[in-house]
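Asker: One structure, pasted below without further comment.
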Amino acid sequence: MKPTIWVDADACPNLIKTVLFRAAQKRQLNLRLVANQFMAVPPSKYIAAIRVGGGFDVVDDYIVQHAQAGDLVITADIPLAAEIIRLQGFALNPRGEVYSQDNIGEKLAMRNFMADMRDCGLLSGGAAAMSAKDVQNFANALDRFLAHRAS
């Protein structure tokens with residue numbers, strides 16, 4: 001059975017969405033983009049935008065409630081990735097990094113540490129801007145996942 005791809009779409013870069021639109025069409029995969037706001041998606045029986053209410057973690061909660069074991073979630077949100085992995089799903093961030101049982105504990109600890117540093121005023125700023133290399137890394141990681149799981 002082919003996995004559904006769920007996207008934490010509020011923060012997902014448009015270049016990554018474009019890669020996902022092409023993959024969904026080419027491989028005839030269900031792609032579900034979940035966001036708190038309106039989102040334009042190409043007309044396709046495989047692609048759907050799902051708008052949920054505003055509020056903290058509403059998108060994440062929707063994805064967790066609807067994703068099935070074996071589905072893929074695209075997110076930079078490490079707690080969401082951890083929950084999906086716990087539910088026997090797969091998670092990939094928009095820069096092409098695979099979250100797994102082997103690395104998610106370390107990722108959560110580092111995320112919490114960095115949040116503490118920001119809260120104390122010892123750190124500012126965020127992630128670097130998305131580069132062409134990041135988009136290519138994502139496309140390659142998605143292709144590897146789909147080659148193994150969606151055949």
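Residue numbers start at 1 in each chain; chains themselves are named A, B, ... in the order of the structure tokens; ligands are numbered from 1 in the order shown.
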Could you pull the residues within 7 Å of A:Arg51, counting only C-alpha atoms, minus those fewer than 2 positions along the same chain, as a PDB file with C-alpha atoms, in the first residue's frame?

Answerer:
```pdb
ATOM      1  CA  VAL A  34      -2.322  20.825   6.549  1.00  0.00           C
ATOM      2  CA  ALA A  35      -2.249  24.506   7.537  1.00  0.00           C
ATOM      3  CA  ASN A  36      -3.975  27.176   9.629  1.00  0.00           C
ATOM      4  CA  GLN A  37      -4.532  29.355   6.562  1.00  0.00           C
ATOM      5  CA  PHE A  38      -5.757  29.106   2.998  1.00  0.00           C
ATOM      6  CA  ALA A  49      -5.134  21.288   1.202  1.00  0.00           C
ATOM      7  CA  GLY A  53      -8.333  26.239  13.058  1.00  0.00           C
TER       8      GLY A  53
END
```

Asker: Tell me which protein, DNA and RNA residues are within 10 Å of stretch 84-90 of chain A, counting only C-alpha atoms, leaving out same-chain ones fewer than 5 positions away, and put them as number ranges by chain.

Answerer: A: 3, 5, 60, 63-65, 67-74, 78-79, 98-101, 104, 145

Asker: Using only C-alpha atoms, can you tell me which of A:Pro94, A:Leu20, A:Met1, A:Thr75 comes closest to A:Met130?

Answerer: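 Nearest to A:Met130: A:Pro94.
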
Asker: Run DSSP on the backbone and give me the residues of chain A it puts in helix (DSSP H, G or I), as a PDB file with N, CA and C atoms, in the first residue's frame.

Answerer:
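This went into states-v9.pdb:
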```pdb
ATOM      1  N   ASN A  14       7.858  26.995  -0.217  1.00  0.00           N
ATOM      2  CA  ASN A  14       7.169  26.757  -1.490  1.00  0.00           C
ATOM      3  C   ASN A  14       7.971  25.860  -2.427  1.00  0.00           C
ATOM      4  N   LEU A  15       9.290  25.993  -2.429  1.00  0.00           N
ATOM      5  CA  LEU A  15      10.110  25.129  -3.292  1.00  0.00           C
ATOM      6  C   LEU A  15       9.939  23.657  -2.923  1.00  0.00           C
ATOM      7  N   ILE A  16       9.798  23.373  -1.651  1.00  0.00           N
ATOM      8  CA  ILE A  16       9.609  21.992  -1.195  1.00  0.00           C
ATOM      9  C   ILE A  16       8.207  21.519  -1.576  1.00  0.00           C
ATOM     10  N   LYS A  17       7.216  22.387  -1.448  1.00  0.00           N
ATOM     11  CA  LYS A  17       5.855  22.021  -1.864  1.00  0.00           C
ATOM     12  C   LYS A  17       5.832  21.669  -3.350  1.00  0.00           C
ATOM     13  N   THR A  18       6.567  22.426  -4.154  1.00  0.00           N
ATOM     14  CA  THR A  18       6.623  22.140  -5.590  1.00  0.00           C
ATOM     15  C   THR A  18       7.192  20.751  -5.858  1.00  0.00           C
ATOM     16  N   VAL A  19       8.247  20.383  -5.152  1.00  0.00           N
ATOM     17  CA  VAL A  19       8.833  19.039  -5.278  1.00  0.00           C
ATOM     18  C   VAL A  19       7.784  17.997  -4.906  1.00  0.00           C
ATOM     19  N   LEU A  20       7.039  18.244  -3.836  1.00  0.00           N
ATOM     20  CA  LEU A  20       6.013  17.306  -3.380  1.00  0.00           C
ATOM     21  C   LEU A  20       4.861  17.201  -4.364  1.00  0.00           C
ATOM     22  N   PHE A  21       4.438  18.324  -4.953  1.00  0.00           N
ATOM     23  CA  PHE A  21       3.362  18.284  -5.943  1.00  0.00           C
ATOM     24  C   PHE A  21       3.749  17.389  -7.118  1.00  0.00           C
ATOM     25  N   ARG A  22       4.982  17.563  -7.595  1.00  0.00           N
ATOM     26  CA  ARG A  22       5.441  16.751  -8.731  1.00  0.00           C
ATOM     27  C   ARG A  22       5.502  15.271  -8.363  1.00  0.00           C
ATOM     28  N   ALA A  23       6.029  14.968  -7.192  1.00  0.00           N
ATOM     29  CA  ALA A  23       6.155  13.566  -6.758  1.00  0.00           C
ATOM     30  C   ALA A  23       4.776  12.917  -6.608  1.00  0.00           C
ATOM     31  N   ALA A  24       3.820  13.641  -6.028  1.00  0.00           N
ATOM     32  CA  ALA A  24       2.474  13.093  -5.832  1.00  0.00           C
ATOM     33  C   ALA A  24       1.828  12.764  -7.172  1.00  0.00           C
ATOM     34  N   GLN A  25       1.958  13.659  -8.119  1.00  0.00           N
ATOM     35  CA  GLN A  25       1.374  13.435  -9.445  1.00  0.00           C
ATOM     36  C   GLN A  25       2.063  12.266 -10.154  1.00  0.00           C
ATOM     37  N   LYS A  26       3.369  12.305 -10.177  1.00  0.00           N
ATOM     38  CA  LYS A  26       4.144  11.290 -10.902  1.00  0.00           C
ATOM     39  C   LYS A  26       3.899   9.893 -10.341  1.00  0.00           C
ATOM     40  N   ARG A  27       3.861   9.782  -9.024  1.00  0.00           N
ATOM     41  CA  ARG A  27       3.747   8.468  -8.382  1.00  0.00           C
ATOM     42  C   ARG A  27       2.330   8.143  -7.929  1.00  0.00           C
ATOM     43  N   VAL A  58      -2.316  22.950  16.547  1.00  0.00           N
ATOM     44  CA  VAL A  58      -3.538  22.436  15.923  1.00  0.00           C
ATOM     45  C   VAL A  58      -3.189  21.627  14.669  1.00  0.00           C
ATOM     46  N   VAL A  59      -2.268  22.142  13.855  1.00  0.00           N
ATOM     47  CA  VAL A  59      -1.830  21.413  12.658  1.00  0.00           C
ATOM     48  C   VAL A  59      -1.193  20.085  13.063  1.00  0.00           C
ATOM     49  N   ASP A  60      -0.289  20.143  14.033  1.00  0.00           N
ATOM     50  CA  ASP A  60       0.401  18.930  14.484  1.00  0.00           C
ATOM     51  C   ASP A  60      -0.600  17.891  14.986  1.00  0.00           C
ATOM     52  N   ASP A  61      -1.548  18.347  15.794  1.00  0.00           N
ATOM     53  CA  ASP A  61      -2.550  17.424  16.344  1.00  0.00           C
ATOM     54  C   ASP A  61      -3.369  16.774  15.238  1.00  0.00           C
ATOM     55  N   TYR A  62      -3.733  17.546  14.225  1.00  0.00           N
ATOM     56  CA  TYR A  62      -4.509  16.993  13.109  1.00  0.00           C
ATOM     57  C   TYR A  62      -3.712  15.896  12.401  1.00  0.00           C
ATOM     58  N   ILE A  63      -2.455  16.197  12.125  1.00  0.00           N
ATOM     59  CA  ILE A  63      -1.611  15.211  11.427  1.00  0.00           C
ATOM     60  C   ILE A  63      -1.468  13.941  12.258  1.00  0.00           C
ATOM     61  N   VAL A  64      -1.202  14.090  13.538  1.00  0.00           N
ATOM     62  CA  VAL A  64      -1.039  12.923  14.417  1.00  0.00           C
ATOM     63  C   VAL A  64      -2.326  12.096  14.462  1.00  0.00           C
ATOM     64  N   GLN A  65      -3.473  12.746  14.484  1.00  0.00           N
ATOM     65  CA  GLN A  65      -4.750  12.033  14.555  1.00  0.00           C
ATOM     66  C   GLN A  65      -5.095  11.304  13.255  1.00  0.00           C
ATOM     67  N   HIS A  66      -4.588  11.778  12.118  1.00  0.00           N
ATOM     68  CA  HIS A  66      -4.998  11.222  10.835  1.00  0.00           C
ATOM     69  C   HIS A  66      -3.938  10.380  10.127  1.00  0.00           C
ATOM     70  N   ILE A  78      10.308  19.084  15.408  1.00  0.00           N
ATOM     71  CA  ILE A  78      10.891  17.858  15.962  1.00  0.00           C
ATOM     72  C   ILE A  78       9.920  17.118  16.888  1.00  0.00           C
ATOM     73  N   PRO A  79       9.168  17.801  17.771  1.00  0.00           N
ATOM     74  CA  PRO A  79       8.189  17.049  18.573  1.00  0.00           C
ATOM     75  C   PRO A  79       7.142  16.334  17.703  1.00  0.00           C
ATOM     76  N   LEU A  80       6.695  16.968  16.617  1.00  0.00           N
ATOM     77  CA  LEU A  80       5.763  16.293  15.709  1.00  0.00           C
ATOM     78  C   LEU A  80       6.437  15.075  15.086  1.00  0.00           C
ATOM     79  N   ALA A  81       7.659  15.225  14.632  1.00  0.00           N
ATOM     80  CA  ALA A  81       8.394  14.093  14.050  1.00  0.00           C
ATOM     81  C   ALA A  81       8.505  12.952  15.064  1.00  0.00           C
ATOM     82  N   ALA A  82       8.792  13.285  16.305  1.00  0.00           N
ATOM     83  CA  ALA A  82       8.921  12.259  17.349  1.00  0.00           C
ATOM     84  C   ALA A  82       7.615  11.499  17.538  1.00  0.00           C
ATOM     85  N   GLU A  83       6.502  12.220  17.521  1.00  0.00           N
ATOM     86  CA  GLU A  83       5.198  11.576  17.693  1.00  0.00           C
ATOM     87  C   GLU A  83       4.883  10.670  16.508  1.00  0.00           C
ATOM     88  N   ILE A  84       5.207  11.105  15.311  1.00  0.00           N
ATOM     89  CA  ILE A  84       4.960  10.292  14.119  1.00  0.00           C
ATOM     90  C   ILE A  84       5.811   9.022  14.157  1.00  0.00           C
ATOM     91  N   ILE A  85       7.046   9.144  14.556  1.00  0.00           N
ATOM     92  CA  ILE A  85       7.923   7.969  14.668  1.00  0.00           C
ATOM     93  C   ILE A  85       7.368   7.002  15.713  1.00  0.00           C
ATOM     94  N   ARG A  86       6.880   7.544  16.829  1.00  0.00           N
ATOM     95  CA  ARG A  86       6.279   6.700  17.870  1.00  0.00           C
ATOM     96  C   ARG A  86       5.084   5.925  17.310  1.00  0.00           C
ATOM     97  N   ILE A 104      16.037  10.648  16.873  1.00  0.00           N
ATOM     98  CA  ILE A 104      15.018  11.589  17.325  1.00  0.00           C
ATOM     99  C   ILE A 104      15.225  12.024  18.778  1.00  0.00           C
ATOM    100  N   GLY A 105      15.717  11.153  19.633  1.00  0.00           N
ATOM    101  CA  GLY A 105      15.978  11.533  21.024  1.00  0.00           C
ATOM    102  C   GLY A 105      17.023  12.638  21.103  1.00  0.00           C
ATOM    103  N   GLU A 106      18.090  12.484  20.356  1.00  0.00           N
ATOM    104  CA  GLU A 106      19.149  13.503  20.319  1.00  0.00           C
ATOM    105  C   GLU A 106      18.614  14.815  19.736  1.00  0.00           C
ATOM    106  N   LYS A 107      17.806  14.731  18.687  1.00  0.00           N
ATOM    107  CA  LYS A 107      17.225  15.926  18.057  1.00  0.00           C
ATOM    108  C   LYS A 107      16.317  16.672  19.048  1.00  0.00           C
ATOM    109  N   LEU A 108      15.508  15.929  19.798  1.00  0.00           N
ATOM    110  CA  LEU A 108      14.639  16.557  20.797  1.00  0.00           C
ATOM    111  C   LEU A 108      15.461  17.240  21.890  1.00  0.00           C
ATOM    112  N   ALA A 109      16.502  16.564  22.362  1.00  0.00           N
ATOM    113  CA  ALA A 109      17.341  17.145  23.410  1.00  0.00           C
ATOM    114  C   ALA A 109      18.016  18.427  22.916  1.00  0.00           C
ATOM    115  N   MET A 110      18.525  18.416  21.695  1.00  0.00           N
ATOM    116  CA  MET A 110      19.180  19.604  21.145  1.00  0.00           C
ATOM    117  C   MET A 110      18.167  20.727  20.940  1.00  0.00           C
ATOM    118  N   ARG A 111      16.977  20.390  20.463  1.00  0.00           N
ATOM    119  CA  ARG A 111      15.930  21.401  20.285  1.00  0.00           C
ATOM    120  C   ARG A 111      15.603  22.062  21.612  1.00  0.00           C
ATOM    121  N   ASN A 112      15.432  21.260  22.658  1.00  0.00           N
ATOM    122  CA  ASN A 112      15.099  21.800  23.974  1.00  0.00           C
ATOM    123  C   ASN A 112      16.236  22.653  24.530  1.00  0.00           C
ATOM    124  N   PHE A 113      17.463  22.227  24.338  1.00  0.00           N
ATOM    125  CA  PHE A 113      18.626  22.988  24.779  1.00  0.00           C
ATOM    126  C   PHE A 113      18.666  24.349  24.077  1.00  0.00           C
ATOM    127  N   MET A 114      18.476  24.352  22.756  1.00  0.00           N
ATOM    128  CA  MET A 114      18.520  25.601  21.997  1.00  0.00           C
ATOM    129  C   MET A 114      17.364  26.530  22.405  1.00  0.00           C
ATOM    130  N   ALA A 115      16.205  25.971  22.689  1.00  0.00           N
ATOM    131  CA  ALA A 115      15.071  26.781  23.155  1.00  0.00           C
ATOM    132  C   ALA A 115      15.408  27.431  24.491  1.00  0.00           C
ATOM    133  N   ASP A 116      16.043  26.672  25.381  1.00  0.00           N
ATOM    134  CA  ASP A 116      16.466  27.230  26.672  1.00  0.00           C
ATOM    135  C   ASP A 116      17.477  28.358  26.471  1.00  0.00           C
ATOM    136  N   MET A 117      18.402  28.171  25.544  1.00  0.00           N
ATOM    137  CA  MET A 117      19.410  29.204  25.259  1.00  0.00           C
ATOM    138  C   MET A 117      18.731  30.476  24.730  1.00  0.00           C
ATOM    139  N   ARG A 118      17.759  30.329  23.844  1.00  0.00           N
ATOM    140  CA  ARG A 118      17.041  31.494  23.319  1.00  0.00           C
ATOM    141  C   ARG A 118      16.236  32.178  24.423  1.00  0.00           C
ATOM    142  N   ASP A 119      15.588  31.373  25.275  1.00  0.00           N
ATOM    143  CA  ASP A 119      14.785  31.935  26.368  1.00  0.00           C
ATOM    144  C   ASP A 119      15.636  32.744  27.346  1.00  0.00           C
ATOM    145  N   ALA A 132      19.440  26.112  -2.749  1.00  0.00           N
ATOM    146  CA  ALA A 132      19.197  25.135  -3.822  1.00  0.00           C
ATOM    147  C   ALA A 132      19.700  23.758  -3.404  1.00  0.00           C
ATOM    148  N   LYS A 133      20.796  23.718  -2.675  1.00  0.00           N
ATOM    149  CA  LYS A 133      21.347  22.446  -2.182  1.00  0.00           C
ATOM    150  C   LYS A 133      20.367  21.771  -1.218  1.00  0.00           C
ATOM    151  N   ASP A 134      19.720  22.571  -0.357  1.00  0.00           N
ATOM    152  CA  ASP A 134      18.723  22.022   0.574  1.00  0.00           C
ATOM    153  C   ASP A 134      17.549  21.398  -0.192  1.00  0.00           C
ATOM    154  N   VAL A 135      17.101  22.080  -1.233  1.00  0.00           N
ATOM    155  CA  VAL A 135      15.984  21.562  -2.043  1.00  0.00           C
ATOM    156  C   VAL A 135      16.402  20.259  -2.709  1.00  0.00           C
ATOM    157  N   GLN A 136      17.618  20.213  -3.231  1.00  0.00           N
ATOM    158  CA  GLN A 136      18.113  18.993  -3.875  1.00  0.00           C
ATOM    159  C   GLN A 136      18.243  17.855  -2.858  1.00  0.00           C
ATOM    160  N   ASN A 137      18.743  18.176  -1.662  1.00  0.00           N
ATOM    161  CA  ASN A 137      18.850  17.160  -0.601  1.00  0.00           C
ATOM    162  C   ASN A 137      17.475  16.609  -0.247  1.00  0.00           C
ATOM    163  N   PHE A 138      16.480  17.496  -0.176  1.00  0.00           N
ATOM    164  CA  PHE A 138      15.124  17.049   0.121  1.00  0.00           C
ATOM    165  C   PHE A 138      14.594  16.137  -0.986  1.00  0.00           C
ATOM    166  N   ALA A 139      14.737  16.571  -2.220  1.00  0.00           N
ATOM    167  CA  ALA A 139      14.239  15.777  -3.363  1.00  0.00           C
ATOM    168  C   ALA A 139      14.898  14.401  -3.386  1.00  0.00           C
ATOM    169  N   ASN A 140      16.185  14.347  -3.119  1.00  0.00           N
ATOM    170  CA  ASN A 140      16.897  13.062  -3.096  1.00  0.00           C
ATOM    171  C   ASN A 140      16.398  12.166  -1.964  1.00  0.00           C
ATOM    172  N   ALA A 141      16.216  12.747  -0.776  1.00  0.00           N
ATOM    173  CA  ALA A 141      15.732  11.957   0.370  1.00  0.00           C
ATOM    174  C   ALA A 141      14.312  11.455   0.116  1.00  0.00           C
ATOM    175  N   LEU A 142      13.475  12.302  -0.479  1.00  0.00           N
ATOM    176  CA  LEU A 142      12.109  11.889  -0.804  1.00  0.00           C
ATOM    177  C   LEU A 142      12.124  10.755  -1.828  1.00  0.00           C
ATOM    178  N   ASP A 143      12.946  10.875  -2.853  1.00  0.00           N
ATOM    179  CA  ASP A 143      13.056   9.806  -3.859  1.00  0.00           C
ATOM    180  C   ASP A 143      13.499   8.487  -3.239  1.00  0.00           C
ATOM    181  N   ARG A 144      14.479   8.556  -2.330  1.00  0.00           N
ATOM    182  CA  ARG A 144      14.943   7.326  -1.666  1.00  0.00           C
ATOM    183  C   ARG A 144      13.815   6.695  -0.857  1.00  0.00           C
ATOM    184  N   PHE A 145      13.090   7.522  -0.112  1.00  0.00           N
ATOM    185  CA  PHE A 145      11.971   7.008   0.684  1.00  0.00           C
ATOM    186  C   PHE A 145      10.936   6.344  -0.216  1.00  0.00           C
ATOM    187  N   LEU A 146      10.542   7.050  -1.259  1.00  0.00           N
ATOM    188  CA  LEU A 146       9.485   6.539  -2.138  1.00  0.00           C
ATOM    189  C   LEU A 146       9.922   5.293  -2.895  1.00  0.00           C
ATOM    190  N   ALA A 147      11.194   5.215  -3.260  1.00  0.00           N
ATOM    191  CA  ALA A 147      11.688   4.031  -3.957  1.00  0.00           C
ATOM    192  C   ALA A 147      11.577   2.792  -3.079  1.00  0.00           C
ATOM    193  N   HIS A 148      11.743   2.978  -1.750  1.00  0.00           N
ATOM    194  CA  HIS A 148      11.698   1.825  -0.831  1.00  0.00           C
ATOM    195  C   HIS A 148      10.293   1.521  -0.324  1.00  0.00           C
ATOM    196  N   ARG A 149       9.441   2.551  -0.203  1.00  0.00           N
ATOM    197  CA  ARG A 149       8.164   2.373   0.484  1.00  0.00           C
ATOM    198  C   ARG A 149       6.943   2.376  -0.423  1.00  0.00           C
TER     199      ARG A 149
END
```

Asker: Which residue gives the smallest distance to A:Pro43 among A:Pro13, A:Leu122, A:Ser131, A:Leu31, with only C-alpha atoms counted?

Answerer: A:Leu31

Asker: As a PDB file with N, CA and C atoms, in the first residue's frame, list the residues of stretch 35-123 of chain A assigned to strand (DSSP E or B) by DSSP on the backbone atoms of this structure.

Answerer:
```pdb
ATOM      1  N   ALA A  35      -2.671  23.164   7.142  1.00  0.00           N
ATOM      2  CA  ALA A  35      -2.249  24.506   7.537  1.00  0.00           C
ATOM      3  C   ALA A  35      -3.370  25.234   8.267  1.00  0.00           C
ATOM      4  N   ILE A  47      -3.853  15.519  -4.540  1.00  0.00           N
ATOM      5  CA  ILE A  47      -3.366  16.594  -3.683  1.00  0.00           C
ATOM      6  C   ILE A  47      -4.539  17.323  -3.039  1.00  0.00           C
ATOM      7  N   ALA A  48      -4.457  17.509  -1.709  1.00  0.00           N
ATOM      8  CA  ALA A  48      -5.513  18.231  -1.005  1.00  0.00           C
ATOM      9  C   ALA A  48      -4.906  19.157   0.042  1.00  0.00           C
ATOM     10  N   ALA A  49      -5.482  20.350   0.131  1.00  0.00           N
ATOM     11  CA  ALA A  49      -5.134  21.288   1.202  1.00  0.00           C
ATOM     12  C   ALA A  49      -6.194  21.149   2.283  1.00  0.00           C
ATOM     13  N   ILE A  50      -5.745  21.010   3.506  1.00  0.00           N
ATOM     14  CA  ILE A  50      -6.649  20.872   4.650  1.00  0.00           C
ATOM     15  C   ILE A  50      -6.407  22.052   5.572  1.00  0.00           C
ATOM     16  N   ARG A  51      -7.436  22.852   5.765  1.00  0.00           N
ATOM     17  CA  ARG A  51      -7.317  24.022   6.629  1.00  0.00           C
ATOM     18  C   ARG A  51      -7.914  23.689   7.989  1.00  0.00           C
ATOM     19  N   LEU A  72       4.315   9.156   5.583  1.00  0.00           N
ATOM     20  CA  LEU A  72       5.459  10.072   5.663  1.00  0.00           C
ATOM     21  C   LEU A  72       4.947  11.450   6.030  1.00  0.00           C
ATOM     22  N   VAL A  73       5.606  12.081   6.998  1.00  0.00           N
ATOM     23  CA  VAL A  73       5.269  13.447   7.393  1.00  0.00           C
ATOM     24  C   VAL A  73       6.464  14.344   7.089  1.00  0.00           C
ATOM     25  N   ILE A  74       6.184  15.450   6.408  1.00  0.00           N
ATOM     26  CA  ILE A  74       7.207  16.440   6.096  1.00  0.00           C
ATOM     27  C   ILE A  74       7.055  17.557   7.114  1.00  0.00           C
ATOM     28  N   PHE A  90       6.938   7.799   9.325  1.00  0.00           N
ATOM     29  CA  PHE A  90       8.258   8.281   8.935  1.00  0.00           C
ATOM     30  C   PHE A  90       8.214   9.797   8.872  1.00  0.00           C
ATOM     31  N   ALA A  91       9.345  10.433   9.141  1.00  0.00           N
ATOM     32  CA  ALA A  91       9.400  11.892   9.130  1.00  0.00           C
ATOM     33  C   ALA A  91      10.664  12.366   8.418  1.00  0.00           C
ATOM     34  N   LEU A  92      10.480  13.432   7.655  1.00  0.00           N
ATOM     35  CA  LEU A  92      11.556  14.014   6.853  1.00  0.00           C
ATOM     36  C   LEU A  92      11.425  15.521   6.966  1.00  0.00           C
ATOM     37  N   VAL A  98      16.381  12.928   7.480  1.00  0.00           N
ATOM     38  CA  VAL A  98      15.441  11.899   7.917  1.00  0.00           C
ATOM     39  C   VAL A  98      15.470  11.827   9.440  1.00  0.00           C
ATOM     40  N   TYR A  99      14.293  11.921  10.041  1.00  0.00           N
ATOM     41  CA  TYR A  99      14.173  11.690  11.481  1.00  0.00           C
ATOM     42  C   TYR A  99      13.891  10.208  11.659  1.00  0.00           C
TER      43      TYR A  99
END
```

Asker: So, with only C-alpha atoms as the atoms that count, which of A:Phe56, A:Ala9, A:Arg95, A:Leu29 lies closest to A:Val41?

Answerer: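 Closest candidate: A:Ala9.
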
Asker: From the options A:Asp10, A:Asn93, A:Leu33, A:Lys2, which residue's atoms come nearest to A:Asp57, counting only C-alpha atoms?

Answerer: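 Selected residue with least distance to A:Asp57: A:Asp10.
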
Asker: Rounded to one decimal, what separation in Å do you get between atom CA of A:Asp8 and atom CA of A:Ala40?

Answerer: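 Taking atom CA of A:Asp8 and atom CA of A:Ala40, their separation equals 14.6 Å.
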
Asker: Between atom CA of A:Met39 and atom CA of A:Gly54, what is the spacing in Å?

Answerer: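 Spanning atom CA of A:Gly54 to atom CA of A:Met39 is a straight-line distance of 14.1 Å.
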
Asker: One number please: atom CA of A:Ser44 to atom CA of A:Trp6, in Å, one decimal.

Answerer: 15.6 Å
